[in-house]
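Novice: You'll find coords.cif just under this line, and it carries mmCIF, C-alpha atoms.
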```cif
data_final
#
loop_
_atom_site.group_PDB
_atom_site.id
_atom_site.type_symbol
_atom_site.label_atom_id
_atom_site.label_comp_id
_atom_site.auth_asym_id
_atom_site.auth_seq_id
_atom_site.Cartn_x
_atom_site.Cartn_y
_atom_site.Cartn_z
ATOM 1 C CA MET A 1461 156.718 55.302 294.742
ATOM 2 C CA ALA A 1462 159.228 52.530 295.454
ATOM 3 C CA SER A 1463 158.335 50.616 292.319
ATOM 4 C CA SER A 1464 158.817 53.679 290.096
ATOM 5 C CA ALA A 1465 162.255 54.243 291.651
ATOM 6 C CA ILE A 1466 163.149 50.601 290.976
ATOM 7 C CA VAL A 1467 161.920 50.849 287.386
ATOM 8 C CA ALA A 1468 164.071 53.947 286.861
ATOM 9 C CA LYS A 1469 167.136 52.316 288.474
ATOM 10 C CA LYS A 1470 166.678 49.132 286.434
ATOM 11 C CA LYS A 1471 166.390 51.191 283.254
ATOM 12 C CA GLU A 1472 169.600 53.015 284.170
ATOM 13 C CA TRP A 1473 171.388 49.733 284.961
ATOM 14 C CA THR A 1474 170.155 48.138 281.721
ATOM 15 C CA ALA A 1475 171.426 51.114 279.720
ATOM 16 C CA CYS A 1476 174.789 50.843 281.460
ATOM 17 C CA LEU A 1477 174.985 47.104 280.702
ATOM 18 C CA ALA A 1478 174.187 47.791 277.049
ATOM 19 C CA GLN A 1479 177.182 50.134 276.903
ATOM 20 C CA SER A 1480 179.491 47.898 278.958
ATOM 21 C CA LYS A 1481 180.581 45.649 276.065
ATOM 22 C CA GLY A 1482 179.713 42.532 278.047
ATOM 23 C CA ALA A 1483 181.517 43.564 281.228
ATOM 24 C CA PRO A 1484 178.898 43.858 283.993
ATOM 25 C CA ALA A 1485 181.573 44.960 286.468
ATOM 26 C CA ARG A 1486 181.545 48.372 284.757
ATOM 27 C CA CYS A 1487 178.057 48.887 286.203
ATOM 28 C CA GLU A 1488 178.768 47.501 289.675
ATOM 29 C CA LYS A 1489 177.567 50.548 291.629
ATOM 30 C CA LEU A 1490 174.230 50.595 289.809
ATOM 31 C CA GLU A 1491 174.004 46.808 290.214
ATOM 32 C CA LYS A 1492 174.466 47.041 293.988
ATOM 33 C CA ASP A 1493 171.993 49.922 294.269
ATOM 34 C CA LEU A 1494 169.374 48.029 292.262
ATOM 35 C CA ALA A 1495 169.954 44.800 294.182
ATOM 36 C CA SER A 1496 169.498 46.524 297.543
ATOM 37 C CA MET A 1497 166.395 48.403 296.345
ATOM 38 C CA SER A 1498 164.983 45.164 294.959
ATOM 39 C CA LYS A 1499 165.604 43.252 298.172
ATOM 40 C CA ALA A 1500 164.166 46.002 300.386
ATOM 41 C CA SER A 1501 160.980 46.267 298.333
ATOM 42 C CA GLY A 1502 160.493 42.585 297.575
ATOM 43 C CA ILE A 1503 160.404 43.293 293.821
ATOM 44 C CA GLU A 1504 162.440 40.799 291.791
ATOM 45 C CA CYS A 1505 164.810 42.470 289.326
ATOM 46 C CA CYS A 1506 166.869 39.413 288.292
ATOM 47 C CA VAL A 1507 170.145 41.159 289.097
ATOM 48 C CA ALA A 1508 172.148 38.060 290.060
ATOM 49 C CA GLU A 1509 170.734 36.070 287.133
ATOM 50 C CA THR A 1510 171.572 38.825 284.638
ATOM 51 C CA VAL A 1511 175.146 39.146 285.875
ATOM 52 C CA ALA A 1512 175.670 35.369 285.942
ATOM 53 C CA LEU A 1513 174.403 35.037 282.372
ATOM 54 C CA MET A 1514 176.562 37.916 281.140
ATOM 55 C CA ARG A 1515 179.642 36.478 282.845
ATOM 56 C CA CYS A 1516 179.008 33.040 281.393
ATOM 57 C CA THR A 1517 178.398 34.216 277.829
ATOM 58 C CA GLY A 1518 181.396 36.527 278.009
ATOM 59 C CA SER A 1519 183.837 33.847 279.122
ATOM 60 C CA SER A 1520 185.156 30.507 277.960
ATOM 61 C CA SER A 1521 182.238 28.931 279.854
ATOM 62 C CA LYS A 1522 179.997 29.776 276.898
ATOM 63 C CA ALA A 1523 181.358 26.611 275.270
ATOM 64 C CA THR A 1524 179.151 24.677 277.699
ATOM 65 C CA GLY A 1525 176.103 26.564 276.447
ATOM 66 C CA CYS A 1526 175.378 28.458 279.700
ATOM 67 C CA GLY A 1527 172.222 26.356 280.050
ATOM 68 C CA SER A 1528 171.747 26.769 283.789
ATOM 69 C CA GLU A 1529 172.275 30.527 283.515
ATOM 70 C CA PHE A 1530 169.717 30.823 280.701
ATOM 71 C CA LEU A 1531 167.229 28.712 282.652
ATOM 72 C CA ALA A 1532 167.714 30.811 285.780
ATOM 73 C CA MET A 1533 167.182 33.993 283.767
ATOM 74 C CA ARG A 1534 164.059 32.627 282.089
ATOM 75 C CA GLU A 1535 162.530 31.531 285.375
ATOM 76 C CA CYS A 1536 163.372 34.825 287.056
ATOM 77 C CA ASN A 1537 161.653 36.801 284.302
ATOM 78 C CA ARG A 1538 158.329 34.955 284.403
ATOM 79 C CA SER A 1539 155.585 37.481 285.075
ATOM 80 C CA ALA A 1540 153.700 35.104 287.380
ATOM 81 C CA GLY A 1541 156.816 33.981 289.251
ATOM 82 C CA ARG A 1542 159.208 31.081 288.887
ATOM 83 C CA GLU A 1543 157.736 27.786 287.756
ATOM 84 C CA LEU A 1544 160.928 25.788 288.277
ATOM 85 C CA VAL A 1545 163.222 26.089 291.275
ATOM 86 C CA LYS A 1546 166.573 24.521 292.117
ATOM 87 C CA ASN A 1547 166.547 21.741 294.659
ATOM 88 C CA PRO A 1548 168.271 22.446 298.006
ATOM 89 C CA GLU A 1549 171.492 20.821 296.783
ATOM 90 C CA GLY A 1550 171.456 23.039 293.683
ATOM 91 C CA THR A 1551 171.964 20.059 291.396
ATOM 92 C CA ALA A 1552 168.555 19.778 289.706
ATOM 93 C CA TYR A 1553 165.261 21.586 289.228
ATOM 94 C CA ALA A 1554 161.779 20.851 290.473
ATOM 95 C CA VAL A 1555 158.355 22.313 289.830
ATOM 96 C CA ALA A 1556 157.781 25.207 292.234
ATOM 97 C CA PRO A 1557 155.342 24.180 294.991
ATOM 98 C CA ASN A 1558 152.742 26.799 294.123
ATOM 99 C CA LYS A 1559 152.947 26.031 290.376
ATOM 100 C CA SER A 1560 152.172 22.308 290.334
ATOM 101 C CA SER A 1561 148.704 22.935 288.883
ATOM 102 C CA LEU A 1562 150.363 24.195 285.675
ATOM 103 C CA PHE A 1563 151.999 20.836 284.967
ATOM 104 C CA THR A 1564 150.881 17.283 284.290
ATOM 105 C CA SER A 1565 151.892 14.395 286.514
ATOM 106 C CA SER A 1566 154.622 13.450 284.023
ATOM 107 C CA ALA A 1567 156.269 16.889 284.168
ATOM 108 C CA TRP A 1568 158.980 15.608 286.498
ATOM 109 C CA SER A 1569 160.731 14.171 283.428
ATOM 110 C CA LEU A 1570 161.029 17.671 281.962
ATOM 111 C CA VAL A 1571 163.040 18.988 284.891
ATOM 112 C CA SER A 1572 165.113 15.865 285.369
ATOM 113 C CA SER A 1573 166.410 15.631 281.814
ATOM 114 C CA VAL A 1574 169.988 16.456 280.900
ATOM 115 C CA ALA A 1575 171.097 18.443 277.877
ATOM 116 C CA PRO A 1576 173.130 16.490 275.327
ATOM 117 C CA THR A 1577 176.892 16.779 275.447
ATOM 118 C CA ARG A 1578 178.083 19.658 273.262
ATOM 119 C CA THR A 1579 180.317 17.620 271.009
ATOM 120 C CA LEU A 1580 179.674 16.465 267.471
ATOM 121 C CA GLN A 1581 179.288 12.884 268.700
ATOM 122 C CA GLY A 1582 176.991 13.950 271.534
ATOM 123 C CA MET A 1583 174.765 15.948 269.202
ATOM 124 C CA THR A 1584 174.749 13.113 266.646
ATOM 125 C CA ASP A 1585 173.757 10.600 269.332
ATOM 126 C CA PHE A 1586 171.015 12.910 270.570
ATOM 127 C CA GLY A 1587 169.734 13.450 267.011
ATOM 128 C CA GLU A 1588 169.603 9.709 266.372
ATOM 129 C CA ASP A 1589 167.769 9.047 269.652
ATOM 130 C CA TYR A 1590 165.333 11.869 268.927
ATOM 131 C CA ALA A 1591 164.718 10.561 265.404
ATOM 132 C CA LYS A 1592 163.839 7.145 266.868
ATOM 133 C CA THR A 1593 161.185 8.729 269.102
ATOM 134 C CA LEU A 1594 159.680 10.273 265.937
ATOM 135 C CA HIS A 1595 159.837 6.863 264.173
ATOM 136 C CA ILE A 1596 162.389 8.103 261.639
ATOM 137 C CA SER A 1597 164.519 5.137 260.631
ATOM 138 C CA GLU A 1598 167.306 6.801 258.630
ATOM 139 C CA VAL A 1599 169.057 10.008 259.607
ATOM 140 C CA ARG A 1600 171.680 11.712 257.485
ATOM 141 C CA PHE A 1601 173.946 14.346 258.973
#
```
Show me this structure written as structure tokens.
Specialist:
Amino acid sequence: MASSAIVAKKKEWTACLAQSKGAPARCEKLEKDLASMSKASGIECCVAETVALMRCTGSSSKATGCGSEFLAMRECNRSAGRELVKNPEGTAYAVAPNKSSLFTSSAWSLVSSVAPTRTLQGMTDFGEDYAKTLHISEVRF
């Protein structure tokens, strides 16, 4: 019963967000209702992650790429639960304790990497470094 009520509330909230023109505050009452229902039932609905991603992509912060918001949303939406979690300081990610069997011993490098700087020079430098790893000697941009 509780899960069907949550599904209905999430559907209602999603429809509201679709009509909100990128302003999640227009659906704040539904957001709070869904968040409280989600917390009470233990069913993850990704409310905070959805709002954070919408706020980022709807603001000047989108120039940074909203990478952490996209990652948080992706991890929240995994059907088998999050595979990556933020460290206690909130500065980096680690493989979730119960998901270590899904990764190789070298997986730590995947969660400790940093996205290239979003400038032309940063992307050019990244492209050149990436080309070297593929043994491509000449790159033309």
Novice: Of the residues A:Arg1515, A:Lys1592, A:Lys1481, A:Arg1542, which is the one nearest to Ala1556 of chain A, using only C-alpha atoms?
Specialist: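 Going through A:Arg1515, A:Lys1592, A:Lys1481, A:Arg1542 one by one, the smallest distance to Ala1556 of chain A is for A:Arg1542.
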Novice: Taking a cut-off of 9 Å and counting all atoms listed in the file, can you build a table that, for each residue of segment 1523-1550 of chain A near segment 1577-1589 of chain A, reports the nearest atom pair and how far apart they are in Å (one decimal), sorted by chain then residue number, as JSON lines?
Specialist:
```
{"residue": "A:Ala1523", "atom": "CA", "partner": "A:Arg1578", "partner_atom": "CA", "distance": 7.9}
{"residue": "A:Thr1524", "atom": "CA", "partner": "A:Arg1578", "partner_atom": "CA", "distance": 6.8}
{"residue": "A:Gly1525", "atom": "CA", "partner": "A:Arg1578", "partner_atom": "CA", "distance": 7.9}
```
Novice: Which residues match the PyMOL selection byres ((chain A and resi 1559) around 9) in the file above, as a list in words?
Specialist: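 Taken over the shown coordinates, the PyMOL selection byres ((chain A and resi 1559) around 9) returns Gly1541, Arg1542, Glu1543, Leu1544, Val1555, Ala1556, Pro1557, Asn1558, Ser1560, Ser1561, Leu1562 and Phe1563 of chain A.
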Novice: Limited to C-alpha atoms, could you put the picked residues into a file as an mmCIF file, in the frame of the given file?
Specialist:
```cif
data_model
loop_
_atom_site.group_PDB
_atom_site.id
_atom_site.type_symbol
_atom_site.label_atom_id
_atom_site.label_comp_id
_atom_site.auth_asym_id
_atom_site.auth_seq_id
_atom_site.Cartn_x
_atom_site.Cartn_y
_atom_site.Cartn_z
ATOM 1 C CA GLY A 1541 156.816 33.981 289.251
ATOM 2 C CA ARG A 1542 159.208 31.081 288.887
ATOM 3 C CA GLU A 1543 157.736 27.786 287.756
ATOM 4 C CA LEU A 1544 160.928 25.788 288.277
ATOM 5 C CA VAL A 1555 158.355 22.313 289.830
ATOM 6 C CA ALA A 1556 157.781 25.207 292.234
ATOM 7 C CA PRO A 1557 155.342 24.180 294.991
ATOM 8 C CA ASN A 1558 152.742 26.799 294.123
ATOM 9 C CA SER A 1560 152.172 22.308 290.334
ATOM 10 C CA SER A 1561 148.704 22.935 288.883
ATOM 11 C CA LEU A 1562 150.363 24.195 285.675
ATOM 12 C CA PHE A 1563 151.999 20.836 284.967
#
```
Novice: I need the residue set behind the PyMOL selection byres ((chain A and resi 1466) around 9) for this file; please write it as a list in words.
Specialist: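 Residues picked by the PyMOL selection byres ((chain A and resi 1466) around 9): Met1461, Ala1462, Ser1463, Ser1464, Ala1465, Val1467, Ala1468, Lys1469, Lys1470, Lys1471, Leu1494, Met1497, Ser1498, Ser1501, Ile1503 and Cys1505 of chain A.
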Novice: Keeping only C-alpha atoms, write the selected residues to a file as a compact mmCIF listing (two decimals), in the coordinates of the input.
Specialist:
```txt
# COMPACT_ATOMS: atom_id res chain seq x y z
CA MET A 1461 156.72 55.30 294.74
CA ALA A 1462 159.23 52.53 295.45
CA SER A 1463 158.34 50.62 292.32
CA SER A 1464 158.82 53.68 290.10
CA ALA A 1465 162.26 54.24 291.65
CA VAL A 1467 161.92 50.85 287.39
CA ALA A 1468 164.07 53.95 286.86
CA LYS A 1469 167.14 52.32 288.47
CA LYS A 1470 166.68 49.13 286.43
CA LYS A 1471 166.39 51.19 283.25
CA LEU A 1494 169.37 48.03 292.26
CA MET A 1497 166.40 48.40 296.35
CA SER A 1498 164.98 45.16 294.96
CA SER A 1501 160.98 46.27 298.33
CA ILE A 1503 160.40 43.29 293.82
CA CYS A 1505 164.81 42.47 289.33
```
Novice: Could you list, as a PyMOL selection string, every residue matched by the PyMOL selection byres ((chain A and resi 1527) around 12) in this structure?
Specialist: chain A and resi 1512-1513+1516-1517+1521-1526+1528-1534+1574-1578
Novice: Next, write the just-selected residues to a file, as a compact mmCIF listing (two decimals), in the coordinates of the input, keeping C-alpha atoms as the atom set.
Specialist:
```txt
# COMPACT_ATOMS: atom_id res chain seq x y z
CA ALA A 1512 175.67 35.37 285.94
CA LEU A 1513 174.40 35.04 282.37
CA CYS A 1516 179.01 33.04 281.39
CA THR A 1517 178.40 34.22 277.83
CA SER A 1521 182.24 28.93 279.85
CA LYS A 1522 180.00 29.78 276.90
CA ALA A 1523 181.36 26.61 275.27
CA THR A 1524 179.15 24.68 277.70
CA GLY A 1525 176.10 26.56 276.45
CA CYS A 1526 175.38 28.46 279.70
CA SER A 1528 171.75 26.77 283.79
CA GLU A 1529 172.28 30.53 283.52
CA PHE A 1530 169.72 30.82 280.70
CA LEU A 1531 167.23 28.71 282.65
CA ALA A 1532 167.71 30.81 285.78
CA MET A 1533 167.18 33.99 283.77
CA ARG A 1534 164.06 32.63 282.09
CA VAL A 1574 169.99 16.46 280.90
CA ALA A 1575 171.10 18.44 277.88
CA PRO A 1576 173.13 16.49 275.33
CA THR A 1577 176.89 16.78 275.45
CA ARG A 1578 178.08 19.66 273.26
```
Novice: Figure out the distance between atom CA of Glu1549 of chain A and atom CA of Lys1492 of chain A, please, to one decimal in Å.
Specialist: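 So the two atoms, atom CA of Lys1492 of chain A and atom CA of Glu1549 of chain A, lie 26.5 Å apart.
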Novice: Atom CA of Pro1484 of chain A and atom CA of Lys1546 of chain A, how far apart in Å?
Specialist: 24.3 Å
